[in-house]
Amino acid sequence: MDSKSDSEAGNGTRDTGVVYVYSPEYIDTCDSLSKVPKRASMVHSLIEAYGLLKHMRVVKPHTATMEEMAAFHTDSYLEHLHKVGEEGDDDDPKSIEYGLGYDCPATEGIYDYAAAVGGATLTAAQCLIDRTCKVAINWAGGWHHARKDEASGFCYINDVVLGILRLRQKYERVLYVDVDLHHGDGVEDAFSFTSKVMTVSLHKFSPGFFPGTGDVSDTGLGKGRWYAVNVPLQDGIQDDKYYQVFQSVLTEVHAAFKPEAVVLQLGADTMAGDPMCSFNMTPVGVGKCLQYVLQWELPALILGGGGYNLANTARCWTYLTGTVLGQTLSSEIPDHEYFTEFGPDYVLEITPSCRLDRNEPRQIQQVISSIKGNLKNVV
């Protein structure tokens, strides 16, 4: 698809200024990730089936070079990833020190996958820098756990960090907002010593739950002290309470930090029905959070992340794409390649389960008060 605006495309609507990073080759490469096989295709196919592509400018991603990935990752890590990716060698003794193994198997082609995801997020960030759009979307990105020299939590590359570093070439202050079920530890660590990037993560925090970090008392280090904001939550939270917490925290963050650009990681493992069995959210709740940030009218990079019920992840990110575009989507899932995956109800909505909400109002209030106090130190 070319860069025709919507009005040129003949549907009479204004150009929404939204870029959607996509190519068939990119989706094929992302489908190969063993933890979420075919998820990229399911997401894209549903977005396409709802007719949303005509409202966006589709941009083909480039593949990241080793030099581009080395803006964050170490040469030795990237070279090792390249080596095992060529050979599909899961037994290399050096792999353990690079975090490759149980959570992050060293499968054949894994370097190509990392380079594809990194390049797609860099492509999206560059579109924002070039001001060819107001919002850029890469749903197959958002891998927030990887360290500079270590894979972690299904994440081989930290495309989020690469995207933020690229945006920092133009924007002085970049805000990162992470609503994945898991703490955005890799991104927080990468920027823990700087006051130029503020990281905000809402996540499940309980003993033994991966990655085990992200308490409200984790606020950054050195010059970056007070520039990491963590919102620890418990199982069972639903849309209304989550949005209240999100709005309370992000209102204060925006006033204190005054960001010039924003990166959103919208992992869908918070959804009801996810195998993680933790939060009890629906796309409507996350959509309200997204709308709240978009009303600031800042350049916005939107990324995916977790999401292990594949049909619900496709539902969520398709709904959120509609939210960005101001499009109301019909409840009935349209006929498309993966239609049968959406049974037995074949509707876009996700229904919360009857799981108990373990978030005590008093505890939530303490967290928000603590964050407000911390943000008073931001200059």
# chains A, B, ... in the order shown; residues from 1 in each chain; ligands from 1
call {"tool": "select_by_dssp", "arguments": {"residues": "stretch 251-284 of chain A", "states": "strand (DSSP E or B)", "output": "PyMOL selection string"}}
result
chain A and resi 261-265+271+281
call {"tool": "write_last_selection", "arguments": {"atoms": "all heavy atoms", "output": "PDB file, in the first residue's frame"}}
result
ATOM      1  N   ALA A 261       7.760  13.399  23.699  1.00  0.00           N
ATOM      2  CA  ALA A 261       7.333  12.236  22.914  1.00  0.00           C
ATOM      3  C   ALA A 261       7.032  11.119  23.897  1.00  0.00           C
ATOM      4  O   ALA A 261       7.524  11.120  25.032  1.00  0.00           O
ATOM      5  CB  ALA A 261       8.422  11.815  21.932  1.00  0.00           C
ATOM      6  N   VAL A 262       6.224  10.163  23.446  1.00  0.00           N
ATOM      7  CA  VAL A 262       5.830   9.072  24.346  1.00  0.00           C
ATOM      8  C   VAL A 262       5.922   7.725  23.620  1.00  0.00           C
ATOM      9  O   VAL A 262       5.630   7.635  22.425  1.00  0.00           O
ATOM     10  CB  VAL A 262       4.407   9.315  24.921  1.00  0.00           C
ATOM     11  CG1 VAL A 262       3.358   9.355  23.829  1.00  0.00           C
ATOM     12  CG2 VAL A 262       4.032   8.270  25.970  1.00  0.00           C
ATOM     13  N   VAL A 263       6.371   6.712  24.356  1.00  0.00           N
ATOM     14  CA  VAL A 263       6.411   5.340  23.849  1.00  0.00           C
ATOM     15  C   VAL A 263       5.493   4.517  24.741  1.00  0.00           C
ATOM     16  O   VAL A 263       5.626   4.543  25.966  1.00  0.00           O
ATOM     17  CB  VAL A 263       7.848   4.772  23.882  1.00  0.00           C
ATOM     18  CG1 VAL A 263       7.860   3.309  23.433  1.00  0.00           C
ATOM     19  CG2 VAL A 263       8.780   5.612  23.007  1.00  0.00           C
ATOM     20  N   LEU A 264       4.571   3.786  24.123  1.00  0.00           N
ATOM     21  CA  LEU A 264       3.606   2.969  24.876  1.00  0.00           C
ATOM     22  C   LEU A 264       3.826   1.500  24.570  1.00  0.00           C
ATOM     23  O   LEU A 264       3.853   1.096  23.401  1.00  0.00           O
ATOM     24  CB  LEU A 264       2.181   3.348  24.466  1.00  0.00           C
ATOM     25  CG  LEU A 264       1.715   4.734  24.925  1.00  0.00           C
ATOM     26  CD1 LEU A 264       0.806   5.352  23.886  1.00  0.00           C
ATOM     27  CD2 LEU A 264       0.972   4.634  26.243  1.00  0.00           C
ATOM     28  N   GLN A 265       4.005   0.695  25.614  1.00  0.00           N
ATOM     29  CA  GLN A 265       4.097  -0.757  25.464  1.00  0.00           C
ATOM     30  C   GLN A 265       2.789  -1.315  25.991  1.00  0.00           C
ATOM     31  O   GLN A 265       2.479  -1.198  27.180  1.00  0.00           O
ATOM     32  CB  GLN A 265       5.303  -1.302  26.247  1.00  0.00           C
ATOM     33  CG  GLN A 265       5.743  -2.710  25.852  1.00  0.00           C
ATOM     34  CD  GLN A 265       5.052  -3.812  26.643  1.00  0.00           C
ATOM     35  OE1 GLN A 265       3.992  -3.608  27.212  1.00  0.00           O
ATOM     36  NE2 GLN A 265       5.653  -4.979  26.683  1.00  0.00           N
ATOM     37  N   MET A 271      -5.112  -9.240  29.791  1.00  0.00           N
ATOM     38  CA  MET A 271      -6.499  -9.541  29.413  1.00  0.00           C
ATOM     39  C   MET A 271      -7.064 -10.729  30.202  1.00  0.00           C
ATOM     40  O   MET A 271      -6.353 -11.695  30.494  1.00  0.00           O
ATOM     41  CB  MET A 271      -6.588  -9.874  27.925  1.00  0.00           C
ATOM     42  CG  MET A 271      -6.281  -8.733  26.970  1.00  0.00           C
ATOM     43  SD  MET A 271      -7.483  -7.385  27.044  1.00  0.00           S
ATOM     44  CE  MET A 271      -6.461  -6.107  27.803  1.00  0.00           C
ATOM     45  N   MET A 281      -8.609  -7.756  32.782  1.00  0.00           N
ATOM     46  CA  MET A 281      -8.877  -6.568  31.971  1.00  0.00           C
ATOM     47  C   MET A 281      -9.570  -6.933  30.655  1.00  0.00           C
ATOM     48  O   MET A 281      -9.601  -8.092  30.249  1.00  0.00           O
ATOM     49  CB  MET A 281      -7.557  -5.877  31.648  1.00  0.00           C
ATOM     50  CG  MET A 281      -6.738  -5.445  32.854  1.00  0.00           C
ATOM     51  SD  MET A 281      -7.309  -3.885  33.493  1.00  0.00           S
ATOM     52  CE  MET A 281      -6.882  -2.797  32.133  1.00  0.00           C
TER      53      MET A 281
END
call {"tool": "residues_around", "arguments": {"residues": "A:Leu122", "least_positions_apart": "3", "cutoff": "8 Å", "atoms": "only C-alpha atoms", "output": "list in words"}}
result
Ala64, Gly118, Gly119, Ala125, Gln126, Asp159, Leu162, Gly163 and Arg166 of chain A
call {"tool": "write_last_selection", "arguments": {"atoms": "all heavy atoms", "output": "PDB file, in the first residue's frame"}}
result
ATOM      1  N   ALA A  64      17.187  -4.117  11.074  1.00  0.00           N
ATOM      2  CA  ALA A  64      18.233  -3.400  11.814  1.00  0.00           C
ATOM      3  C   ALA A  64      19.608  -3.995  11.512  1.00  0.00           C
ATOM      4  O   ALA A  64      19.768  -5.214  11.422  1.00  0.00           O
ATOM      5  CB  ALA A  64      17.955  -3.478  13.314  1.00  0.00           C
ATOM      6  N   GLY A 118      13.811  -5.223  15.835  1.00  0.00           N
ATOM      7  CA  GLY A 118      14.536  -3.980  16.116  1.00  0.00           C
ATOM      8  C   GLY A 118      14.385  -2.982  14.983  1.00  0.00           C
ATOM      9  O   GLY A 118      14.121  -1.789  15.211  1.00  0.00           O
ATOM     10  N   GLY A 119      14.511  -3.462  13.764  1.00  0.00           N
ATOM     11  CA  GLY A 119      14.395  -2.582  12.602  1.00  0.00           C
ATOM     12  C   GLY A 119      12.999  -2.001  12.457  1.00  0.00           C
ATOM     13  O   GLY A 119      12.832  -0.833  12.069  1.00  0.00           O
ATOM     14  N   ALA A 125       9.935   4.682  14.862  1.00  0.00           N
ATOM     15  CA  ALA A 125      10.486   5.864  15.556  1.00  0.00           C
ATOM     16  C   ALA A 125      10.945   6.917  14.552  1.00  0.00           C
ATOM     17  O   ALA A 125      10.727   8.122  14.753  1.00  0.00           O
ATOM     18  CB  ALA A 125      11.643   5.442  16.455  1.00  0.00           C
ATOM     19  N   GLN A 126      11.567   6.466  13.465  1.00  0.00           N
ATOM     20  CA  GLN A 126      12.061   7.401  12.455  1.00  0.00           C
ATOM     21  C   GLN A 126      10.916   8.151  11.774  1.00  0.00           C
ATOM     22  O   GLN A 126      11.034   9.336  11.461  1.00  0.00           O
ATOM     23  CB  GLN A 126      12.916   6.660  11.402  1.00  0.00           C
ATOM     24  CG  GLN A 126      13.723   7.586  10.506  1.00  0.00           C
ATOM     25  CD  GLN A 126      14.730   8.445  11.276  1.00  0.00           C
ATOM     26  OE1 GLN A 126      15.449   7.949  12.150  1.00  0.00           O
ATOM     27  NE2 GLN A 126      14.760   9.742  10.975  1.00  0.00           N
ATOM     28  N   ASP A 159      13.869  -3.870  21.635  1.00  0.00           N
ATOM     29  CA  ASP A 159      13.512  -2.910  20.593  1.00  0.00           C
ATOM     30  C   ASP A 159      12.936  -1.634  21.192  1.00  0.00           C
ATOM     31  O   ASP A 159      13.031  -0.563  20.601  1.00  0.00           O
ATOM     32  CB  ASP A 159      12.507  -3.539  19.615  1.00  0.00           C
ATOM     33  CG  ASP A 159      11.173  -3.854  20.269  1.00  0.00           C
ATOM     34  OD1 ASP A 159      11.122  -4.793  21.077  1.00  0.00           O
ATOM     35  OD2 ASP A 159      10.186  -3.159  19.977  1.00  0.00           O
ATOM     36  N   LEU A 162      15.850   0.620  21.900  1.00  0.00           N
ATOM     37  CA  LEU A 162      16.358   1.130  20.618  1.00  0.00           C
ATOM     38  C   LEU A 162      15.454   2.238  20.082  1.00  0.00           C
ATOM     39  O   LEU A 162      15.938   3.268  19.589  1.00  0.00           O
ATOM     40  CB  LEU A 162      16.463   0.001  19.590  1.00  0.00           C
ATOM     41  CG  LEU A 162      17.489  -1.097  19.887  1.00  0.00           C
ATOM     42  CD1 LEU A 162      17.407  -2.190  18.820  1.00  0.00           C
ATOM     43  CD2 LEU A 162      18.907  -0.540  19.949  1.00  0.00           C
ATOM     44  N   GLY A 163      14.136   2.044  20.195  1.00  0.00           N
ATOM     45  CA  GLY A 163      13.187   3.058  19.740  1.00  0.00           C
ATOM     46  C   GLY A 163      13.297   4.346  20.537  1.00  0.00           C
ATOM     47  O   GLY A 163      13.276   5.448  19.967  1.00  0.00           O
ATOM     48  N   ARG A 166      16.449   6.212  19.599  1.00  0.00           N
ATOM     49  CA  ARG A 166      16.270   6.894  18.309  1.00  0.00           C
ATOM     50  C   ARG A 166      15.448   8.177  18.490  1.00  0.00           C
ATOM     51  O   ARG A 166      15.806   9.230  17.959  1.00  0.00           O
ATOM     52  CB  ARG A 166      15.608   5.943  17.303  1.00  0.00           C
ATOM     53  CG  ARG A 166      15.335   6.544  15.919  1.00  0.00           C
ATOM     54  CD  ARG A 166      16.600   6.947  15.160  1.00  0.00           C
ATOM     55  NE  ARG A 166      17.496   5.840  14.898  1.00  0.00           N
ATOM     56  CZ  ARG A 166      17.488   5.106  13.777  1.00  0.00           C
ATOM     57  NH1 ARG A 166      16.606   5.361  12.819  1.00  0.00           N
ATOM     58  NH2 ARG A 166      18.364   4.131  13.618  1.00  0.00           N
TER      59      ARG A 166
END
call {"tool": "residues_around", "arguments": {"residues": "A:Val324", "least_positions_apart": "6", "cutoff": "12 Å", "atoms": "only C-alpha atoms", "output": "PyMOL selection string"}}
result
chain A and resi 16-20+52+55-56+134-137+286-295+297+300-302+317-318
call {"tool": "residues_around", "arguments": {"residues": "A:Glu337", "least_positions_apart": "2", "cutoff": "8 Å", "atoms": "only C-alpha atoms", "output": "mmCIF file with C-alpha atoms, in the first residue's frame"}}
result
data_model
loop_
_atom_site.group_PDB
_atom_site.id
_atom_site.type_symbol
_atom_site.label_atom_id
_atom_site.label_comp_id
_atom_site.auth_asym_id
_atom_site.auth_seq_id
_atom_site.Cartn_x
_atom_site.Cartn_y
_atom_site.Cartn_z
ATOM 1 C CA SER A 45 -5.151 -10.513 9.651
ATOM 2 C CA ASP A 335 -14.516 -13.701 8.174
ATOM 3 C CA PHE A 339 -11.753 -16.895 11.958
#
call {"tool": "closest_residue", "arguments": {"among": "A:Glu25, A:Glu252, A:Glu332, A:Glu260", "to": "A:Asp112", "atoms": "only C-alpha atoms"}}
result
A:Glu25
call {"tool": "residues_around", "arguments": {"residues": "A:Leu175", "least_positions_apart": "6", "cutoff": "6 Å", "atoms": "only C-alpha atoms", "output": "PyMOL selection string"}}
result
chain A and resi 197-198+259+262
call {"tool": "write_last_selection", "arguments": {"atoms": "N, CA and C atoms", "output": "PDB file, in the first residue's frame"}}
result
ATOM      1  N   VAL A 197      14.770  10.344  30.192  1.00  0.00           N
ATOM      2  CA  VAL A 197      13.737   9.352  29.896  1.00  0.00           C
ATOM      3  C   VAL A 197      13.065   8.971  31.208  1.00  0.00           C
ATOM      4  N   MET A 198      11.753   9.151  31.279  1.00  0.00           N
ATOM      5  CA  MET A 198      11.017   8.688  32.453  1.00  0.00           C
ATOM      6  C   MET A 198      10.310   7.391  32.080  1.00  0.00           C
ATOM      7  N   PRO A 259       6.819  15.596  28.988  1.00  0.00           N
ATOM      8  CA  PRO A 259       7.462  14.874  27.886  1.00  0.00           C
ATOM      9  C   PRO A 259       7.219  15.536  26.535  1.00  0.00           C
ATOM     10  N   VAL A 262       6.224  10.163  23.446  1.00  0.00           N
ATOM     11  CA  VAL A 262       5.830   9.072  24.346  1.00  0.00           C
ATOM     12  C   VAL A 262       5.922   7.725  23.620  1.00  0.00           C
TER      13      VAL A 262
END
call {"tool": "atom_distance", "arguments": {"atom1": "atom CA of A:Pro211", "atom2": "atom CA of A:Tyr319"}}
result
28.1 Å
call {"tool": "atom_distance", "arguments": {"atom1": "atom CA of A:Lys204", "atom2": "atom CA of A:Asp357"}}
result
12.3 Å
call {"tool": "closest_atom_pairs", "arguments": {"of": "stretch 191-264 of chain A", "to": "stretch 345-356 of chain A", "cutoff": "9 Å", "atoms": "only C-alpha atoms", "output": "CSV"}}
result
residue,atom,partner,partner_atom,distance
A:Asp235,CA,A:Leu356,CA,7.7
A:Gly236,CA,A:Leu356,CA,5.5
A:Ile237,CA,A:Leu356,CA,8.2
A:Gln238,CA,A:Pro352,CA,7.7
call {"tool": "write_last_selection", "arguments": {"atoms": "N, CA and C atoms", "output": "PDB file, in the first residue's frame"}}
result
ATOM      1  N   ASP A 235      -3.416  -9.405  41.629  1.00  0.00           N
ATOM      2  CA  ASP A 235      -4.315 -10.129  40.724  1.00  0.00           C
ATOM      3  C   ASP A 235      -5.743  -9.581  40.732  1.00  0.00           C
ATOM      4  N   GLY A 236      -6.399  -9.760  39.585  1.00  0.00           N
ATOM      5  CA  GLY A 236      -7.850  -9.565  39.511  1.00  0.00           C
ATOM      6  C   GLY A 236      -8.320  -8.166  39.173  1.00  0.00           C
ATOM      7  N   ILE A 237      -7.397  -7.212  38.979  1.00  0.00           N
ATOM      8  CA  ILE A 237      -7.828  -5.837  38.704  1.00  0.00           C
ATOM      9  C   ILE A 237      -8.621  -5.780  37.401  1.00  0.00           C
ATOM     10  N   GLN A 238      -9.682  -4.944  37.411  1.00  0.00           N
ATOM     11  CA  GLN A 238     -10.528  -4.783  36.229  1.00  0.00           C
ATOM     12  C   GLN A 238     -10.402  -3.371  35.667  1.00  0.00           C
TER      13      GLN A 238
END
call {"tool": "residues_around", "arguments": {"residues": "A:Lys83", "least_positions_apart": "2", "cutoff": "12 Å", "atoms": "only C-alpha atoms", "output": "PyMOL selection string"}}
result
chain A and resi 76-81+85-90+92+94-95+106-112
call {"tool": "write_last_selection", "arguments": {"atoms": "C-alpha atoms", "output": "short mmCIF file (atom, residue, chain, number, x, y, z; two decimals), in the first residue's frame"}}
result
data_model
loop_
_atom_site.label_atom_id
_atom_site.label_comp_id
_atom_site.auth_asym_id
_atom_site.auth_seq_id
_atom_site.Cartn_x
_atom_site.Cartn_y
_atom_site.Cartn_z
CA SER A 76 29.68 -9.72 22.04
CA TYR A 77 26.00 -10.46 22.71
CA LEU A 78 24.94 -9.61 19.16
CA GLU A 79 27.78 -11.66 17.68
CA HIS A 80 26.85 -14.65 19.83
CA LEU A 81 23.16 -14.30 18.87
CA GLY A 85 21.04 -18.11 15.01
CA GLU A 86 23.04 -19.31 12.01
CA GLU A 87 23.61 -22.75 13.48
CA GLY A 88 20.41 -23.19 15.51
CA ASP A 89 22.73 -24.28 18.30
CA ASP A 90 20.93 -24.60 21.63
CA ASP A 92 26.59 -23.68 22.99
CA LYS A 94 28.46 -19.63 26.22
CA SER A 95 24.71 -19.25 25.66
CA ALA A 106 18.67 -20.32 20.69
CA THR A 107 16.70 -21.41 17.65
CA GLU A 108 17.79 -21.13 14.04
CA GLY A 109 17.03 -17.68 12.63
CA ILE A 110 16.76 -16.01 16.03
CA TYR A 111 19.21 -13.26 15.08
CA ASP A 112 17.17 -12.49 11.95
#
call {"tool": "closest_residue", "arguments": {"among": "A:Val161, A:Lys60, A:Ser195, A:His183", "to": "A:Ala256", "atoms": "only C-alpha atoms"}}
result
A:Ser195
call {"tool": "residues_around", "arguments": {"residues": "A:Lys148", "least_positions_apart": "3", "cutoff": "10 Å", "atoms": "only C-alpha atoms", "output": "PDB file with N, CA and C atoms, in the first residue's frame"}}
result
ATOM      1  N   MET A  69      21.678  -2.025  16.292  1.00  0.00           N
ATOM      2  CA  MET A  69      21.334  -2.733  17.537  1.00  0.00           C
ATOM      3  C   MET A  69      22.379  -2.484  18.620  1.00  0.00           C
ATOM      4  N   ALA A  70      23.618  -2.206  18.195  1.00  0.00           N
ATOM      5  CA  ALA A  70      24.705  -1.933  19.143  1.00  0.00           C
ATOM      6  C   ALA A  70      24.576  -0.556  19.796  1.00  0.00           C
ATOM      7  N   ALA A  71      23.558   0.217  19.398  1.00  0.00           N
ATOM      8  CA  ALA A  71      23.264   1.465  20.127  1.00  0.00           C
ATOM      9  C   ALA A  71      22.909   1.140  21.580  1.00  0.00           C
ATOM     10  N   PHE A  72      22.419  -0.085  21.815  1.00  0.00           N
ATOM     11  CA  PHE A  72      22.130  -0.533  23.182  1.00  0.00           C
ATOM     12  C   PHE A  72      22.846  -1.832  23.520  1.00  0.00           C
ATOM     13  N   HIS A  73      22.751  -2.828  22.658  1.00  0.00           N
ATOM     14  CA  HIS A  73      23.294  -4.155  22.968  1.00  0.00           C
ATOM     15  C   HIS A  73      24.801  -4.220  22.731  1.00  0.00           C
ATOM     16  N   THR A  74      25.475  -5.088  23.484  1.00  0.00           N
ATOM     17  CA  THR A  74      26.927  -5.223  23.333  1.00  0.00           C
ATOM     18  C   THR A  74      27.256  -6.001  22.061  1.00  0.00           C
ATOM     19  N   ASP A  75      28.419  -5.704  21.497  1.00  0.00           N
ATOM     20  CA  ASP A  75      28.874  -6.423  20.301  1.00  0.00           C
ATOM     21  C   ASP A  75      28.965  -7.918  20.569  1.00  0.00           C
ATOM     22  N   SER A  76      29.483  -8.290  21.751  1.00  0.00           N
ATOM     23  CA  SER A  76      29.684  -9.717  22.042  1.00  0.00           C
ATOM     24  C   SER A  76      28.350 -10.465  22.102  1.00  0.00           C
ATOM     25  N   TYR A  77      27.313  -9.824  22.664  1.00  0.00           N
ATOM     26  CA  TYR A  77      25.998 -10.456  22.714  1.00  0.00           C
ATOM     27  C   TYR A  77      25.424 -10.621  21.305  1.00  0.00           C
ATOM     28  N   LEU A  78      25.496  -9.556  20.515  1.00  0.00           N
ATOM     29  CA  LEU A  78      24.942  -9.607  19.158  1.00  0.00           C
ATOM     30  C   LEU A  78      25.681 -10.629  18.295  1.00  0.00           C
ATOM     31  N   TYR A  98      24.603 -15.483  28.253  1.00  0.00           N
ATOM     32  CA  TYR A  98      23.848 -14.494  27.472  1.00  0.00           C
ATOM     33  C   TYR A  98      22.333 -14.675  27.628  1.00  0.00           C
ATOM     34  N   HIS A 145      12.127  -6.880  28.244  1.00  0.00           N
ATOM     35  CA  HIS A 145      12.951  -7.512  29.286  1.00  0.00           C
ATOM     36  C   HIS A 145      14.433  -7.627  28.916  1.00  0.00           C
ATOM     37  N   ALA A 151      19.556 -12.036  26.880  1.00  0.00           N
ATOM     38  CA  ALA A 151      18.138 -12.270  26.584  1.00  0.00           C
ATOM     39  C   ALA A 151      17.413 -12.587  27.886  1.00  0.00           C
ATOM     40  N   TYR A 156      14.729 -11.233  23.081  1.00  0.00           N
ATOM     41  CA  TYR A 156      16.110 -11.381  22.600  1.00  0.00           C
ATOM     42  C   TYR A 156      16.747 -10.033  22.316  1.00  0.00           C
ATOM     43  N   ILE A 157      15.909  -9.062  22.030  1.00  0.00           N
ATOM     44  CA  ILE A 157      16.392  -7.713  21.734  1.00  0.00           C
ATOM     45  C   ILE A 157      15.461  -6.753  22.440  1.00  0.00           C
ATOM     46  N   ASN A 158      15.993  -5.645  22.913  1.00  0.00           N
ATOM     47  CA  ASN A 158      15.122  -4.657  23.533  1.00  0.00           C
ATOM     48  C   ASN A 158      14.834  -3.573  22.503  1.00  0.00           C
ATOM     49  N   VAL A 161      14.025  -0.042  23.926  1.00  0.00           N
ATOM     50  CA  VAL A 161      15.168   0.831  24.229  1.00  0.00           C
ATOM     51  C   VAL A 161      15.726   1.434  22.936  1.00  0.00           C
ATOM     52  N   GLY A 186      13.810  -4.266  31.746  1.00  0.00           N
ATOM     53  CA  GLY A 186      14.938  -4.003  30.848  1.00  0.00           C
ATOM     54  C   GLY A 186      15.001  -2.552  30.409  1.00  0.00           C
ATOM     55  N   ASP A 189      15.963  -0.367  33.550  1.00  0.00           N
ATOM     56  CA  ASP A 189      17.401  -0.486  33.820  1.00  0.00           C
ATOM     57  C   ASP A 189      18.238   0.316  32.826  1.00  0.00           C
ATOM     58  N   ALA A 190      17.839   0.274  31.566  1.00  0.00           N
ATOM     59  CA  ALA A 190      18.607   0.960  30.527  1.00  0.00           C
ATOM     60  C   ALA A 190      18.673   2.468  30.780  1.00  0.00           C
TER      61      ALA A 190
END
call {"tool": "atom_distance", "arguments": {"atom1": "atom CA of A:Ala124", "atom2": "atom CA of A:Tyr176"}}
result
15.1 Å
call {"tool": "select_by_dssp", "arguments": {"residues": "stretch 237-299 of chain A", "states": "helix (DSSP H, G or I)", "output": "PyMOL selection string"}}
result
chain A and resi 239-257+283-294
call {"tool": "closest_residue", "arguments": {"among": "A:Ala255, A:Val174, A:Ala146, A:Lys35", "to": "A:Pro105", "atoms": "only C-alpha atoms"}}
result
A:Lys35
